[in-house]
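Heads up, the thing below is written out as structure tokens.
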Amino acid sequence: MKKILMIALAAMFCVTVQAQEQKVTDQVKKEMVTDDYKIIKDEVIDGIRYVTAAPSAMVCSKQIDIQIKDGIIQSVVYTRGCDGNAKGIGALIKGMSVEEAIKRLEGITCGKRPTSCPDQLAKILKSLN
């Protein structure tokens, strides 16, 4: 009986350690992958800032094109991803200040992913300031 109890305790300890290791691994992956966007182009032409970025590999969209004039978002277009949602985001934040867009979009997740297309847009906008 004592032997069975010892085996059960050892098994419980292993499961607890594995769960803790998985939690740490998930956190590291989250930190590494959510901020892996890349600014591809950032230029100003006739007072309009044109930014093209590749968002994190954790989201469905492959590219985000942004136009900003005097701190106000003029246009946001997503390439690939959820077509209707991407168009909706672009329509809703058109005319909004960059700061307000960041405040509203930052931290939004998509399903079990630690980031989303709106969150990636917020991260990209934040990096431009």
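Naming works like this for the structure tokens: A, B, ... for the chains as they're shown, residue 1 at the start of each chain, ligands 1 onward in shown order.
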
Legend entry - Contacts of range 40-57 of chain A within 10 Å, only C-alpha atoms, excl. fewer than 5 positions in-chain, as number ranges by chain: A: 32-35, 62-79, 115-117, 119-121, 123-125, 128

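Taking CA of Ala122 in chain A as the reference point, CA of Leu105 in chain A is found at 5.7 Å.
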
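Taking range 82-116 of chain A and asking which residues DSSP calls alpha helix (DSSP H) on the backbone, you get Asp83, Gly84, Asn85, Ala86, Lys87, Gly88, Ile89, Gly90, Ala91, Leu92, Ile93, Val98, Glu99, Glu100, Ala101, Ile102, Lys103, Arg104 and Leu105 of chain A.
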
Save the residues we just selected, N, CA, C and O atoms, as a compact mmCIF listing (two decimals), in the first residue's frame?
```txt
# COMPACT_ATOMS: atom_id res chain seq x y z
N ASP A 83 -11.90 38.58 -44.21
CA ASP A 83 -12.19 39.69 -45.11
C ASP A 83 -13.17 40.71 -44.51
O ASP A 83 -12.88 41.91 -44.49
N GLY A 84 -14.31 40.26 -44.04
CA GLY A 84 -15.31 41.18 -43.51
C GLY A 84 -14.83 41.91 -42.26
O GLY A 84 -15.03 43.12 -42.12
N ASN A 85 -14.20 41.18 -41.36
CA ASN A 85 -13.69 41.81 -40.13
C ASN A 85 -12.60 42.82 -40.45
O ASN A 85 -12.55 43.90 -39.86
N ALA A 86 -11.72 42.46 -41.38
CA ALA A 86 -10.63 43.36 -41.76
C ALA A 86 -11.19 44.65 -42.36
O ALA A 86 -10.73 45.75 -42.05
N LYS A 87 -12.18 44.52 -43.24
CA LYS A 87 -12.81 45.71 -43.82
C LYS A 87 -13.52 46.52 -42.75
O LYS A 87 -13.50 47.76 -42.77
N GLY A 88 -14.14 45.83 -41.81
CA GLY A 88 -14.83 46.51 -40.72
C GLY A 88 -13.88 47.31 -39.85
O GLY A 88 -14.17 48.46 -39.49
N ILE A 89 -12.75 46.74 -39.51
CA ILE A 89 -11.74 47.46 -38.71
C ILE A 89 -11.31 48.72 -39.45
O ILE A 89 -11.27 49.81 -38.88
N GLY A 90 -10.98 48.55 -40.73
CA GLY A 90 -10.55 49.70 -41.53
C GLY A 90 -11.60 50.80 -41.57
O GLY A 90 -11.29 51.98 -41.45
N ALA A 91 -12.87 50.42 -41.75
CA ALA A 91 -13.95 51.41 -41.81
C ALA A 91 -14.18 52.09 -40.46
O ALA A 91 -14.40 53.30 -40.40
N LEU A 92 -14.09 51.33 -39.38
CA LEU A 92 -14.35 51.89 -38.06
C LEU A 92 -13.26 52.85 -37.57
O LEU A 92 -13.56 53.80 -36.85
N ILE A 93 -12.01 52.59 -37.94
CA ILE A 93 -10.95 53.47 -37.42
C ILE A 93 -10.56 54.57 -38.40
O ILE A 93 -9.74 55.42 -38.06
N VAL A 98 -4.42 58.11 -34.13
CA VAL A 98 -3.58 56.93 -33.93
C VAL A 98 -3.65 56.50 -32.47
O VAL A 98 -3.80 55.31 -32.17
N GLU A 99 -3.60 57.46 -31.55
CA GLU A 99 -3.63 57.15 -30.11
C GLU A 99 -4.92 56.45 -29.72
O GLU A 99 -4.91 55.49 -28.95
N GLU A 100 -6.05 56.93 -30.23
CA GLU A 100 -7.34 56.32 -29.90
C GLU A 100 -7.44 54.91 -30.48
O GLU A 100 -7.94 53.99 -29.82
N ALA A 101 -6.94 54.70 -31.68
CA ALA A 101 -6.96 53.37 -32.30
C ALA A 101 -6.13 52.39 -31.46
O ALA A 101 -6.58 51.26 -31.21
N ILE A 102 -4.97 52.83 -31.03
CA ILE A 102 -4.12 51.97 -30.19
C ILE A 102 -4.87 51.60 -28.92
O ILE A 102 -4.91 50.43 -28.52
N LYS A 103 -5.46 52.59 -28.28
CA LYS A 103 -6.18 52.37 -27.02
C LYS A 103 -7.32 51.36 -27.19
O LYS A 103 -7.53 50.51 -26.34
N ARG A 104 -8.02 51.43 -28.31
CA ARG A 104 -9.18 50.56 -28.53
C ARG A 104 -8.80 49.16 -28.99
O ARG A 104 -9.51 48.20 -28.70
N LEU A 105 -7.71 49.03 -29.73
CA LEU A 105 -7.38 47.74 -30.36
C LEU A 105 -6.37 46.90 -29.60
O LEU A 105 -6.34 45.68 -29.74
```

Legend entry - Separation of CA of Arg80 in chain A from CA of Lys112 in chain A in Å: 19.6 Å

Inset, instruction - Enumerate the residues of range 65-120 of chain A with a DSSP assignment of strand (DSSP E), computed from the backbone, and present them as a list in words. - result: Asp65, Ile66, Gln67, Ile68, Lys69, Ile72, Ile73, Gln74, Ser75, Val76, Val77, Tyr78 and Thr79 of chain A

Writer output for current selection, C-alpha atoms, as a short mmCIF file (atom, residue, chain, number, x, y, z; two decimals), in the first residue's frame:
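Written output follows (again-v3.cif):
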```cif
data_model
loop_
_atom_site.label_atom_id
_atom_site.label_comp_id
_atom_site.auth_asym_id
_atom_site.auth_seq_id
_atom_site.Cartn_x
_atom_site.Cartn_y
_atom_site.Cartn_z
CA ASP A 65 -1.21 48.84 -45.29
CA ILE A 66 -1.78 52.03 -43.31
CA GLN A 67 -2.11 55.68 -44.33
CA ILE A 68 -1.82 58.41 -41.69
CA LYS A 69 -2.06 62.17 -42.07
CA ILE A 72 -5.26 60.69 -38.10
CA ILE A 73 -5.75 57.31 -39.75
CA GLN A 74 -6.83 57.76 -43.36
CA SER A 75 -6.89 54.11 -44.41
CA VAL A 76 -6.15 50.60 -43.17
CA VAL A 77 -6.21 47.65 -45.57
CA TYR A 78 -5.48 44.06 -44.57
CA THR A 79 -4.23 41.49 -47.07
#
```

Inset, instruction - Could you tell me how far CA of Ser127 in chain A lies from CA of Gly81 in chain A, in Å and to one decimal? - result: 22.0 Å
